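Visitor: Attaching a single structure in structure tokens format; questions to follow.
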Amino acid sequence: MKLQRKNRLRALSLGAVAVSSALALTACGSDDNGEGNANGGSSAAANASSVKCDDAKGQLLADGSSAQKNAIDAWTKVFSPACNVQINYKGAGSGAGVTSFTQGQIAFAGSDSALKPDEVAASKKVCDGGQGIDLPMVGGPIALGYNVPGVDNLVLDAPTIAKIFDSKIKNWNDEAIKKLNPGAKLPDLKIQAFHRSEDSGTTDNFTKYLLATTPENWKYSGGKAWQAQGGQAASGSAGVAQGVKQNSGAIGYFELSFAKGIDTVAIDTGAKTPVKPSTESATADIAAAKVIGTGKDLALQLDYKTKAEGAYPITLVTYEIVCDKGNKADTLPATKAFLRYIASEDGQKVLAQNDYAPIPAEIIAKVRTTIEGLS
């Protein structure tokens, strides 16, 4: 089993950024965000010149997942100047994005949760002859960031996390936390647990983890809206991260790309070693994901209960949501060009450069094929 997992992960790391030979896509430029790029502007110019624009033009309005906002920004730096197309992505949350999409207000939405049946039904009103579909594009860990003076390597397990966010554990020197951190000097400090104030796919995935691993301690139904009582609310992943950074005793959940300068929790999954959030540990979990969507829909099922060594259990996949048929004619060329780029070899490379995880090779190949068939 260990050899099989190693082989699979090796294939993932090589294949997640490989262009599908059946499509022979023109390579698109990787992001020049000024980090780790020795060639500077000349490299960006070379990358931008390889983006396949086709008839793309004008402006694309999009909204949704704040989890992928940093990835969208990095992609846009290459795509927009190459194709002279403005990408206006709000990042107001998955719920807002799906609502705007089903109301026909945007070209595509980003969501950290796959479309639900009622949302698919609503999409048929704006997708002429078609429906909304889920295209997995961005993977990554949901980090638990914390601000506890004097504690650098905090370990928590699912039951303890559930009790913290349900206001059942209220102080950092609680016996349950002490048991998991025998060598730490835990202060007598009140816990401030931050959660999202708006409907969020990040919330949905975080609570799916709690429901899957410790249902006896998380008695809520789950979903995009936060349901537990107490705690502190903040807008977007950036808002939660800022709340944690600014408040002693705080803890919150957000994507790893928002954890700059913030300590993160290692999760005791039952494996030999607690697992910290990272691109590699998220990839190890996403590698086991299964496609459960039908037709052109590529919704995935993640393994929140993993006990595999080095696999981080609180992961999410962000989907780009578009019509399979019936996309608006004036935005279809730009939508396809942008999606083609972000699903390409260079587009997926951008993810690892920005603390996200590329989508597994066999899945991203299906995404590329589906994008070419959008109409």
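In the structure tokens, the first chain shown is A, the next is B, and so on; residue numbers restart at 1 for each chain, and ligands run from 1 in the order shown.
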Using only C-alpha atoms, which residues sit within 12 Å of Lys124 in chain A once same-chain residues fewer than 5 positions away are excluded, as number ranges by chain?
Guide: A: 101-104, 117-119, 129-133, 322-327
Visitor: Store the residues picked out above, limited to N, CA, C and O atoms, as a PDB file, in the first residue's frame.
Guide:
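Output file out.pdb is given in full below:
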ATOM      1  N   PHE A 101     -24.102  33.529 -10.314  1.00  0.00           N
ATOM      2  CA  PHE A 101     -24.067  32.715 -11.536  1.00  0.00           C
ATOM      3  C   PHE A 101     -25.469  32.264 -11.932  1.00  0.00           C
ATOM      4  O   PHE A 101     -25.852  32.367 -13.105  1.00  0.00           O
ATOM      5  N   THR A 102     -26.234  31.753 -10.989  1.00  0.00           N
ATOM      6  CA  THR A 102     -27.578  31.248 -11.312  1.00  0.00           C
ATOM      7  C   THR A 102     -28.547  32.374 -11.655  1.00  0.00           C
ATOM      8  O   THR A 102     -29.616  32.123 -12.212  1.00  0.00           O
ATOM      9  N   GLN A 103     -28.153  33.605 -11.361  1.00  0.00           N
ATOM     10  CA  GLN A 103     -28.964  34.758 -11.753  1.00  0.00           C
ATOM     11  C   GLN A 103     -28.476  35.389 -13.056  1.00  0.00           C
ATOM     12  O   GLN A 103     -29.018  36.398 -13.501  1.00  0.00           O
ATOM     13  N   GLY A 104     -27.453  34.785 -13.652  1.00  0.00           N
ATOM     14  CA  GLY A 104     -26.960  35.241 -14.943  1.00  0.00           C
ATOM     15  C   GLY A 104     -26.160  36.518 -14.898  1.00  0.00           C
ATOM     16  O   GLY A 104     -26.005  37.193 -15.920  1.00  0.00           O
ATOM     17  N   PRO A 117     -28.346  20.040  -6.095  1.00  0.00           N
ATOM     18  CA  PRO A 117     -29.401  19.828  -7.095  1.00  0.00           C
ATOM     19  C   PRO A 117     -30.257  21.062  -7.376  1.00  0.00           C
ATOM     20  O   PRO A 117     -30.582  21.345  -8.540  1.00  0.00           O
ATOM     21  N   ASP A 118     -30.628  21.807  -6.326  1.00  0.00           N
ATOM     22  CA  ASP A 118     -31.460  22.992  -6.558  1.00  0.00           C
ATOM     23  C   ASP A 118     -30.681  24.084  -7.288  1.00  0.00           C
ATOM     24  O   ASP A 118     -31.256  24.856  -8.068  1.00  0.00           O
ATOM     25  N   GLU A 119     -29.370  24.127  -7.078  1.00  0.00           N
ATOM     26  CA  GLU A 119     -28.545  25.106  -7.777  1.00  0.00           C
ATOM     27  C   GLU A 119     -28.357  24.726  -9.237  1.00  0.00           C
ATOM     28  O   GLU A 119     -28.329  25.591 -10.116  1.00  0.00           O
ATOM     29  N   GLY A 129     -30.176  25.699 -22.935  1.00  0.00           N
ATOM     30  CA  GLY A 129     -30.026  24.329 -23.420  1.00  0.00           C
ATOM     31  C   GLY A 129     -29.029  23.503 -22.644  1.00  0.00           C
ATOM     32  O   GLY A 129     -28.725  22.367 -23.025  1.00  0.00           O
ATOM     33  N   GLY A 130     -28.509  24.042 -21.563  1.00  0.00           N
ATOM     34  CA  GLY A 130     -27.516  23.321 -20.764  1.00  0.00           C
ATOM     35  C   GLY A 130     -27.736  23.516 -19.281  1.00  0.00           C
ATOM     36  O   GLY A 130     -28.826  23.833 -18.825  1.00  0.00           O
ATOM     37  N   GLN A 131     -26.643  23.374 -18.504  1.00  0.00           N
ATOM     38  CA  GLN A 131     -26.715  23.541 -17.057  1.00  0.00           C
ATOM     39  C   GLN A 131     -25.331  23.864 -16.512  1.00  0.00           C
ATOM     40  O   GLN A 131     -24.324  23.698 -17.210  1.00  0.00           O
ATOM     41  N   GLY A 132     -25.285  24.309 -15.282  1.00  0.00           N
ATOM     42  CA  GLY A 132     -24.015  24.584 -14.641  1.00  0.00           C
ATOM     43  C   GLY A 132     -23.279  23.296 -14.312  1.00  0.00           C
ATOM     44  O   GLY A 132     -23.896  22.303 -13.919  1.00  0.00           O
ATOM     45  N   ILE A 133     -21.957  23.316 -14.494  1.00  0.00           N
ATOM     46  CA  ILE A 133     -21.128  22.159 -14.162  1.00  0.00           C
ATOM     47  C   ILE A 133     -19.944  22.602 -13.301  1.00  0.00           C
ATOM     48  O   ILE A 133     -19.546  23.763 -13.320  1.00  0.00           O
ATOM     49  N   VAL A 322     -19.359  26.861 -14.722  1.00  0.00           N
ATOM     50  CA  VAL A 322     -19.766  27.444 -15.996  1.00  0.00           C
ATOM     51  C   VAL A 322     -20.913  26.627 -16.556  1.00  0.00           C
ATOM     52  O   VAL A 322     -21.239  25.549 -16.047  1.00  0.00           O
ATOM     53  N   CYS A 323     -21.529  27.122 -17.617  1.00  0.00           N
ATOM     54  CA  CYS A 323     -22.541  26.337 -18.335  1.00  0.00           C
ATOM     55  C   CYS A 323     -21.834  25.353 -19.260  1.00  0.00           C
ATOM     56  O   CYS A 323     -20.852  25.707 -19.924  1.00  0.00           O
ATOM     57  N   ASP A 324     -22.318  24.116 -19.315  1.00  0.00           N
ATOM     58  CA  ASP A 324     -21.754  23.198 -20.300  1.00  0.00           C
ATOM     59  C   ASP A 324     -22.191  23.602 -21.707  1.00  0.00           C
ATOM     60  O   ASP A 324     -21.425  23.541 -22.662  1.00  0.00           O
ATOM     61  N   LYS A 325     -23.426  24.099 -21.801  1.00  0.00           N
ATOM     62  CA  LYS A 325     -23.961  24.659 -23.044  1.00  0.00           C
ATOM     63  C   LYS A 325     -24.719  25.937 -22.687  1.00  0.00           C
ATOM     64  O   LYS A 325     -25.236  26.074 -21.580  1.00  0.00           O
ATOM     65  N   GLY A 326     -24.790  26.844 -23.625  1.00  0.00           N
ATOM     66  CA  GLY A 326     -25.593  28.042 -23.401  1.00  0.00           C
ATOM     67  C   GLY A 326     -24.879  29.164 -22.685  1.00  0.00           C
ATOM     68  O   GLY A 326     -25.525  30.051 -22.114  1.00  0.00           O
ATOM     69  N   ASN A 327     -23.536  29.158 -22.689  1.00  0.00           N
ATOM     70  CA  ASN A 327     -22.807  30.309 -22.160  1.00  0.00           C
ATOM     71  C   ASN A 327     -23.073  31.527 -23.059  1.00  0.00           C
ATOM     72  O   ASN A 327     -23.321  31.388 -24.253  1.00  0.00           O
TER      73      ASN A 327
END
Visitor: Residues near Gly183 in chain A, anyone? I mean within 10 Å using only C-alpha atoms, not counting same-chain ones fewer than 5 positions away, as a list in words.
Guide: Val151, Asn153 and Lys178 of chain A
Visitor: Restricting the calculation to only C-alpha atoms: of A:Gln353, A:Lys208, A:Thr273, A:Tyr319, which residue gets closest to Ser221 in chain A?
Guide: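 Looking at the shortest contact to Ser221 in chain A, the residue is A:Lys208.
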Visitor: Would you mind listing what lies within 12 Å of Gln86 in chain A as a PDB file with N, CA, C and O atoms, in the first residue's frame, with only C-alpha atoms counted and same-chain residues fewer than 3 positions away left out?
Guide:
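As a result, around-v3.pdb now contains:
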ATOM      1  N   ALA A  56     -10.767  35.981 -27.546  1.00  0.00           N
ATOM      2  CA  ALA A  56     -11.061  36.587 -26.244  1.00  0.00           C
ATOM      3  C   ALA A  56     -10.927  38.102 -26.309  1.00  0.00           C
ATOM      4  O   ALA A  56     -10.006  38.628 -26.936  1.00  0.00           O
ATOM      5  N   LYS A  57     -11.853  38.791 -25.639  1.00  0.00           N
ATOM      6  CA  LYS A  57     -11.807  40.251 -25.609  1.00  0.00           C
ATOM      7  C   LYS A  57     -12.701  40.760 -24.488  1.00  0.00           C
ATOM      8  O   LYS A  57     -13.498  40.021 -23.904  1.00  0.00           O
ATOM      9  N   GLY A  58     -12.537  42.035 -24.173  1.00  0.00           N
ATOM     10  CA  GLY A  58     -13.441  42.693 -23.248  1.00  0.00           C
ATOM     11  C   GLY A  58     -13.155  42.417 -21.780  1.00  0.00           C
ATOM     12  O   GLY A  58     -12.012  42.406 -21.334  1.00  0.00           O
ATOM     13  N   GLN A  59     -14.229  42.144 -21.035  1.00  0.00           N
ATOM     14  CA  GLN A  59     -14.156  41.988 -19.591  1.00  0.00           C
ATOM     15  C   GLN A  59     -14.933  40.757 -19.151  1.00  0.00           C
ATOM     16  O   GLN A  59     -15.992  40.458 -19.693  1.00  0.00           O
ATOM     17  N   LEU A  60     -14.372  40.021 -18.176  1.00  0.00           N
ATOM     18  CA  LEU A  60     -15.076  38.894 -17.577  1.00  0.00           C
ATOM     19  C   LEU A  60     -15.433  39.245 -16.145  1.00  0.00           C
ATOM     20  O   LEU A  60     -14.560  39.568 -15.335  1.00  0.00           O
ATOM     21  N   LEU A  61     -16.717  39.194 -15.833  1.00  0.00           N
ATOM     22  CA  LEU A  61     -17.174  39.372 -14.469  1.00  0.00           C
ATOM     23  C   LEU A  61     -17.305  38.002 -13.826  1.00  0.00           C
ATOM     24  O   LEU A  61     -17.894  37.089 -14.405  1.00  0.00           O
ATOM     25  N   ALA A  62     -16.735  37.839 -12.641  1.00  0.00           N
ATOM     26  CA  ALA A  62     -16.805  36.568 -11.926  1.00  0.00           C
ATOM     27  C   ALA A  62     -16.822  36.855 -10.429  1.00  0.00           C
ATOM     28  O   ALA A  62     -16.440  37.937  -9.979  1.00  0.00           O
ATOM     29  N   ASP A  73      -5.674  36.042  -8.723  1.00  0.00           N
ATOM     30  CA  ASP A  73      -4.842  37.245  -8.903  1.00  0.00           C
ATOM     31  C   ASP A  73      -3.541  36.910  -9.627  1.00  0.00           C
ATOM     32  O   ASP A  73      -3.099  37.657 -10.507  1.00  0.00           O
ATOM     33  N   TRP A  75      -2.964  34.304 -11.649  1.00  0.00           N
ATOM     34  CA  TRP A  75      -3.274  33.941 -13.032  1.00  0.00           C
ATOM     35  C   TRP A  75      -3.553  35.184 -13.881  1.00  0.00           C
ATOM     36  O   TRP A  75      -3.122  35.288 -15.023  1.00  0.00           O
ATOM     37  N   THR A  76      -4.294  36.116 -13.295  1.00  0.00           N
ATOM     38  CA  THR A  76      -4.700  37.310 -14.030  1.00  0.00           C
ATOM     39  C   THR A  76      -3.496  38.156 -14.449  1.00  0.00           C
ATOM     40  O   THR A  76      -3.506  38.787 -15.509  1.00  0.00           O
ATOM     41  N   LYS A  77      -2.441  38.156 -13.630  1.00  0.00           N
ATOM     42  CA  LYS A  77      -1.241  38.933 -13.960  1.00  0.00           C
ATOM     43  C   LYS A  77      -0.641  38.502 -15.290  1.00  0.00           C
ATOM     44  O   LYS A  77      -0.023  39.310 -15.990  1.00  0.00           O
ATOM     45  N   VAL A  78      -0.799  37.236 -15.639  1.00  0.00           N
ATOM     46  CA  VAL A  78      -0.280  36.738 -16.917  1.00  0.00           C
ATOM     47  C   VAL A  78      -1.328  36.859 -18.011  1.00  0.00           C
ATOM     48  O   VAL A  78      -1.055  37.352 -19.114  1.00  0.00           O
ATOM     49  N   PHE A  79      -2.554  36.417 -17.718  1.00  0.00           N
ATOM     50  CA  PHE A  79      -3.576  36.309 -18.764  1.00  0.00           C
ATOM     51  C   PHE A  79      -4.066  37.664 -19.265  1.00  0.00           C
ATOM     52  O   PHE A  79      -4.186  37.877 -20.476  1.00  0.00           O
ATOM     53  N   SER A  80      -4.379  38.574 -18.351  1.00  0.00           N
ATOM     54  CA  SER A  80      -5.007  39.837 -18.747  1.00  0.00           C
ATOM     55  C   SER A  80      -4.179  40.656 -19.725  1.00  0.00           C
ATOM     56  O   SER A  80      -4.683  41.076 -20.773  1.00  0.00           O
ATOM     57  N   PRO A  81      -2.890  40.908 -19.456  1.00  0.00           N
ATOM     58  CA  PRO A  81      -2.116  41.687 -20.434  1.00  0.00           C
ATOM     59  C   PRO A  81      -1.875  40.934 -21.740  1.00  0.00           C
ATOM     60  O   PRO A  81      -1.749  41.550 -22.796  1.00  0.00           O
ATOM     61  N   ALA A  82      -1.843  39.606 -21.680  1.00  0.00           N
ATOM     62  CA  ALA A  82      -1.597  38.829 -22.898  1.00  0.00           C
ATOM     63  C   ALA A  82      -2.781  38.891 -23.848  1.00  0.00           C
ATOM     64  O   ALA A  82      -2.609  38.961 -25.071  1.00  0.00           O
ATOM     65  N   CYS A  83      -3.992  38.854 -23.288  1.00  0.00           N
ATOM     66  CA  CYS A  83      -5.197  38.798 -24.123  1.00  0.00           C
ATOM     67  C   CYS A  83      -5.995  40.101 -24.115  1.00  0.00           C
ATOM     68  O   CYS A  83      -7.046  40.184 -24.760  1.00  0.00           O
ATOM     69  N   TYR A  89     -12.789  39.625 -10.652  1.00  0.00           N
ATOM     70  CA  TYR A  89     -13.214  38.548  -9.751  1.00  0.00           C
ATOM     71  C   TYR A  89     -13.331  39.106  -8.338  1.00  0.00           C
ATOM     72  O   TYR A  89     -12.330  39.503  -7.734  1.00  0.00           O
ATOM     73  N   THR A 331     -19.179  36.499 -23.942  1.00  0.00           N
ATOM     74  CA  THR A 331     -18.114  36.205 -22.970  1.00  0.00           C
ATOM     75  C   THR A 331     -17.527  34.802 -23.123  1.00  0.00           C
ATOM     76  O   THR A 331     -16.512  34.490 -22.488  1.00  0.00           O
ATOM     77  N   ALA A 334     -13.622  34.527 -24.115  1.00  0.00           N
ATOM     78  CA  ALA A 334     -12.733  34.904 -23.020  1.00  0.00           C
ATOM     79  C   ALA A 334     -12.800  33.903 -21.875  1.00  0.00           C
ATOM     80  O   ALA A 334     -11.776  33.588 -21.253  1.00  0.00           O
ATOM     81  N   THR A 335     -14.000  33.389 -21.598  1.00  0.00           N
ATOM     82  CA  THR A 335     -14.150  32.394 -20.533  1.00  0.00           C
ATOM     83  C   THR A 335     -13.347  31.139 -20.855  1.00  0.00           C
ATOM     84  O   THR A 335     -12.603  30.623 -20.011  1.00  0.00           O
ATOM     85  N   PHE A 338      -9.515  31.837 -20.644  1.00  0.00           N
ATOM     86  CA  PHE A 338      -9.009  31.942 -19.274  1.00  0.00           C
ATOM     87  C   PHE A 338      -8.990  30.578 -18.601  1.00  0.00           C
ATOM     88  O   PHE A 338      -7.994  30.199 -17.966  1.00  0.00           O
TER      89      PHE A 338
END
Visitor: Can you pull out the residues contacting Asn205 in chain A? Cut-off 9 Å, using only C-alpha atoms, and skip same-chain residues under 5 positions away; I want them as a CSV table (one decimal) with N, CA and C atoms, in the first residue's frame.
Guide:
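To be explicit, this is the file written out as result.csv:
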chain,number,residue,atom,x,y,z
A,112,ASP,N,-16.1,26.5,-3.4
A,112,ASP,CA,-15.4,25.4,-2.7
A,112,ASP,C,-16.3,24.2,-2.4
A,113,SER,N,-17.6,24.3,-2.9
A,113,SER,CA,-18.5,23.2,-2.8
A,113,SER,C,-19.1,23.0,-4.2
A,142,ILE,N,-7.0,23.6,4.2
A,142,ILE,CA,-7.6,24.6,5.1
A,142,ILE,C,-6.8,24.6,6.4
A,200,SER,N,-20.0,30.3,2.9
A,200,SER,CA,-18.6,30.1,2.5
A,200,SER,C,-18.4,28.6,2.2
A,210,LEU,N,-15.4,18.0,10.3
A,210,LEU,CA,-15.8,17.7,11.7
A,210,LEU,C,-17.0,16.7,11.7
A,222,GLY,N,-24.2,21.1,9.0
A,222,GLY,CA,-23.1,21.5,8.0
A,222,GLY,C,-23.7,22.4,6.9
A,223,GLY,N,-22.8,22.8,6.0
A,223,GLY,CA,-23.2,23.7,4.9
A,223,GLY,C,-22.4,24.9,4.8
A,224,LYS,N,-22.7,25.8,4.0
A,224,LYS,CA,-21.9,27.0,3.7
A,224,LYS,C,-22.1,28.1,4.9
A,314,ILE,N,-7.9,18.2,6.3
A,314,ILE,CA,-8.8,19.3,6.1
A,314,ILE,C,-8.5,20.0,4.8
A,315,THR,N,-8.9,19.5,3.7
A,315,THR,CA,-8.6,20.0,2.3
A,315,THR,C,-9.9,20.5,1.6
A,316,LEU,N,-9.7,21.3,0.6
A,316,LEU,CA,-10.8,21.6,-0.2
A,316,LEU,C,-10.4,21.7,-1.7
A,317,VAL,N,-11.3,21.6,-2.5
A,317,VAL,CA,-11.1,21.8,-4.0
A,317,VAL,C,-12.0,22.9,-4.4
Visitor: May I have the residues within 10 Å of Ala357 in chain A as a list in words, using only C-alpha atoms and disregarding those fewer than 3 positions away in the same chain?
Guide: Ser13, Ala16, Met137, Val138, Gly139, Gly140, Pro141, Ser278, Thr279, Glu280, Ser281, Ala282, Thr283, Ala284, Ile286, Thr315, Leu316, Val317, Gln348, Lys349, Val350, Leu351, Ala352, Gln353, Asn354 and Pro360 of chain A
